[in-house]
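Notes follow once the structure below has been shown.
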Amino acid sequence: MASSLLEAVDIKAPVAVSWALWKDVERWPSFLSHVKHVERIDSCTFAWQVSLPGADKTFVAELTEVIPQERIAWRTTEGVHHAGVVTFHRLSDTESRVTLQIEYDPKGFVERLGALTNLDSTLANYDLGEFQRMAEQGA
């Protein structure tokens with residue numbers, strides 16, 4: 001059973017500010033609550049440690065597309081199966097929209113329950129709120 005989520009947040013900061021914060025994959029744990037650690041393996045490959053309700057996971061993911069100030073996409077190559085993309089949209093000179101889309105394959109009871117009850121969406125919204133706060137502080 002594949003699952004997906006799509007969430008967006010409007011930020012009172014230019015796209016360049018949102019992009020600068022998100023492009024540094026190793027900073028993602030500072031605003032993604034479930035990401036505990038990201039370690040660079042090479043220019044486009046990273047080892048991840050995440051902690052989700054009822055499950056700690058490690059995996060390796062590679063960046064599959066990086067278009068400055070437009071999009072960052074990734075997919076896992078080892079461990080849990082998921083892929084995602086973050087897109088950056090200019091709303092005005094001082095505002096931007098960040099959209100997060102993730103496709104994943106929940107394994108086990110707790111992960112399936114999270115997908116069915118929209119807990120994954122709630123976590124994504126919380127994390128985007130943290131990202132919004134950091135980006136607006138940086139603007």
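Starting from 1 in every chain, residues are counted up; chains themselves are A, B, ... following the order of the structure tokens, and ligands are numbered from 1 as listed.
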- Message: Just want the 12 Å neighbourhood of segment 120-135 of chain A, counted on only C-alpha atoms, with same-chain residues fewer than 5 positions away dropped. Output as JSON, numbers by chain.
- Response: {"A": [3, 4, 5, 6, 7, 8, 9, 10, 11, 12, 13, 14, 15, 16, 17, 18, 19, 20, 21, 22, 27, 28, 29, 30, 31, 32, 33, 34, 35, 51, 52, 53, 86, 94, 95, 96, 97, 98, 99, 100, 101, 102, 103, 104, 106, 110, 111, 112, 113, 114, 115]}
I need the residues from that last selection saved to file as a compact mmCIF listing (two decimals), in the first residue's frame (with N, CA and C atoms), if you can.
```
# COMPACT_ATOMS: atom_id res chain seq x y z
N SER A 3 1.60 5.25 0.04
CA SER A 3 0.93 6.43 0.58
C SER A 3 1.63 7.67 0.08
N SER A 4 0.94 8.79 0.14
CA SER A 4 1.56 10.04 -0.27
C SER A 4 1.01 11.17 0.59
N LEU A 5 1.80 12.21 0.66
CA LEU A 5 1.32 13.41 1.33
C LEU A 5 1.77 14.61 0.52
N LEU A 6 0.97 15.64 0.59
CA LEU A 6 1.23 16.89 -0.10
C LEU A 6 0.83 18.01 0.84
N GLU A 7 1.82 18.82 1.23
CA GLU A 7 1.58 19.92 2.16
C GLU A 7 2.31 21.15 1.65
N ALA A 8 1.81 22.33 2.01
CA ALA A 8 2.43 23.58 1.58
C ALA A 8 2.34 24.60 2.70
N VAL A 9 3.27 25.56 2.67
CA VAL A 9 3.26 26.64 3.64
C VAL A 9 3.67 27.92 2.94
N ASP A 10 2.98 29.00 3.24
CA ASP A 10 3.34 30.33 2.72
C ASP A 10 4.24 31.00 3.75
N ILE A 11 5.30 31.61 3.26
CA ILE A 11 6.34 32.17 4.12
C ILE A 11 6.55 33.63 3.79
N LYS A 12 6.64 34.44 4.83
CA LYS A 12 6.91 35.87 4.65
C LYS A 12 8.41 36.06 4.53
N ALA A 13 8.94 35.54 3.44
CA ALA A 13 10.36 35.64 3.11
C ALA A 13 10.49 35.35 1.62
N PRO A 14 11.47 35.97 0.96
CA PRO A 14 11.67 35.71 -0.46
C PRO A 14 12.08 34.25 -0.71
N VAL A 15 11.87 33.79 -1.92
CA VAL A 15 12.27 32.43 -2.30
C VAL A 15 13.74 32.18 -1.98
N ALA A 16 14.59 33.16 -2.20
CA ALA A 16 16.03 32.97 -1.95
C ALA A 16 16.30 32.59 -0.49
N VAL A 17 15.55 33.14 0.44
CA VAL A 17 15.74 32.82 1.86
C VAL A 17 15.25 31.39 2.13
N SER A 18 14.08 31.05 1.62
CA SER A 18 13.56 29.69 1.80
C SER A 18 14.49 28.67 1.18
N TRP A 19 14.96 28.96 -0.01
CA TRP A 19 15.88 28.06 -0.70
C TRP A 19 17.17 27.88 0.09
N ALA A 20 17.75 28.97 0.57
CA ALA A 20 19.03 28.91 1.28
C ALA A 20 18.94 28.00 2.51
N LEU A 21 17.81 28.03 3.19
CA LEU A 21 17.62 27.20 4.37
C LEU A 21 17.44 25.73 3.99
N TRP A 22 16.64 25.45 2.96
CA TRP A 22 16.31 24.08 2.62
C TRP A 22 17.42 23.38 1.82
N ARG A 27 21.16 20.48 7.36
CA ARG A 27 20.42 21.34 8.31
C ARG A 27 18.98 20.88 8.51
N TRP A 28 18.52 19.92 7.72
CA TRP A 28 17.12 19.50 7.83
C TRP A 28 16.72 19.08 9.24
N PRO A 29 17.60 18.46 10.04
CA PRO A 29 17.17 18.11 11.41
C PRO A 29 16.80 19.33 12.26
N SER A 30 17.24 20.52 11.89
CA SER A 30 16.90 21.70 12.68
C SER A 30 15.44 22.12 12.51
N PHE A 31 14.78 21.67 11.46
CA PHE A 31 13.36 22.01 11.30
C PHE A 31 12.46 20.82 11.00
N LEU A 32 13.03 19.66 10.76
CA LEU A 32 12.23 18.44 10.57
C LEU A 32 12.34 17.60 11.84
N SER A 33 11.30 17.61 12.65
CA SER A 33 11.35 17.03 13.99
C SER A 33 11.69 15.54 14.01
N HIS A 34 11.31 14.81 12.99
CA HIS A 34 11.55 13.37 12.97
C HIS A 34 12.94 13.01 12.44
N VAL A 35 13.64 13.97 11.84
CA VAL A 35 14.98 13.71 11.31
C VAL A 35 15.99 14.00 12.42
N SER A 51 13.38 9.31 13.45
CA SER A 51 12.63 8.73 14.56
C SER A 51 11.17 9.13 14.40
N LEU A 52 10.35 8.15 14.09
CA LEU A 52 8.91 8.36 13.93
C LEU A 52 8.19 7.65 15.06
N PRO A 53 6.95 8.02 15.34
CA PRO A 53 6.24 7.34 16.42
C PRO A 53 6.26 5.82 16.22
N VAL A 86 10.62 18.98 -2.86
CA VAL A 86 10.24 20.26 -2.27
C VAL A 86 10.34 21.28 -3.38
N THR A 94 8.63 39.52 -1.39
CA THR A 94 8.85 39.27 0.03
C THR A 94 8.14 38.01 0.56
N GLU A 95 7.50 37.26 -0.32
CA GLU A 95 6.78 36.06 0.11
C GLU A 95 7.04 34.89 -0.83
N SER A 96 7.02 33.70 -0.25
CA SER A 96 7.21 32.48 -1.04
C SER A 96 6.31 31.38 -0.51
N ARG A 97 6.14 30.36 -1.31
CA ARG A 97 5.39 29.16 -0.92
C ARG A 97 6.34 27.97 -1.09
N VAL A 98 6.37 27.13 -0.07
CA VAL A 98 7.16 25.91 -0.12
C VAL A 98 6.17 24.75 -0.08
N THR A 99 6.31 23.84 -1.05
CA THR A 99 5.42 22.69 -1.15
C THR A 99 6.25 21.42 -0.99
N LEU A 100 5.78 20.52 -0.14
CA LEU A 100 6.44 19.26 0.14
C LEU A 100 5.55 18.12 -0.34
N GLN A 101 6.11 17.24 -1.15
CA GLN A 101 5.38 16.06 -1.61
C GLN A 101 6.24 14.84 -1.34
N ILE A 102 5.68 13.84 -0.68
CA ILE A 102 6.41 12.61 -0.36
C ILE A 102 5.55 11.41 -0.72
N GLU A 103 6.17 10.46 -1.38
CA GLU A 103 5.56 9.16 -1.69
C GLU A 103 6.33 8.13 -0.88
N TYR A 104 5.62 7.25 -0.16
CA TYR A 104 6.32 6.28 0.68
C TYR A 104 5.50 5.00 0.81
N PRO A 106 4.48 2.59 3.71
CA PRO A 106 4.48 2.31 5.14
C PRO A 106 4.59 0.81 5.42
N VAL A 110 2.27 0.35 12.98
CA VAL A 110 2.33 1.75 13.40
C VAL A 110 2.42 2.68 12.19
N GLU A 111 3.26 2.35 11.22
CA GLU A 111 3.39 3.20 10.03
C GLU A 111 2.10 3.22 9.22
N ARG A 112 1.47 2.08 9.07
CA ARG A 112 0.19 2.05 8.34
C ARG A 112 -0.89 2.85 9.07
N LEU A 113 -0.90 2.73 10.40
CA LEU A 113 -1.85 3.50 11.20
C LEU A 113 -1.60 4.99 11.03
N GLY A 114 -0.33 5.40 11.03
CA GLY A 114 0.01 6.81 10.83
C GLY A 114 -0.49 7.33 9.50
N ALA A 115 -0.35 6.50 8.45
CA ALA A 115 -0.82 6.90 7.13
C ALA A 115 -2.35 6.98 7.09
```
- For segment 60-63 of chain A, please output as an MDAnalysis selection string all residues within 12 Å (counting only C-alpha atoms; exclusion window: fewer than 5 positions along the same chain). chainID A and resid 23:25 37:50 71:86
- Note on the structure: The distance between atom CA of His89 of chain A and atom CA of Glu70 of chain A is 6.9 Å
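What separates atom CA of Ala55 of chain A from atom CA of Ala2 of chain A is a distance of 17.7 Å.
The space separating atom CA of Lys36 of chain A from atom CA of Thr58 of chain A comes to 9.9 Å.
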- Task: Going by DSSP on the backbone, which bits of segment 10-89 of chain A are strand (DSSP E or B)? Write them as a PyMOL selection string, please.
- Result: chain A and resi 10-11+35-40+45-52+55-67+71-79+82-89
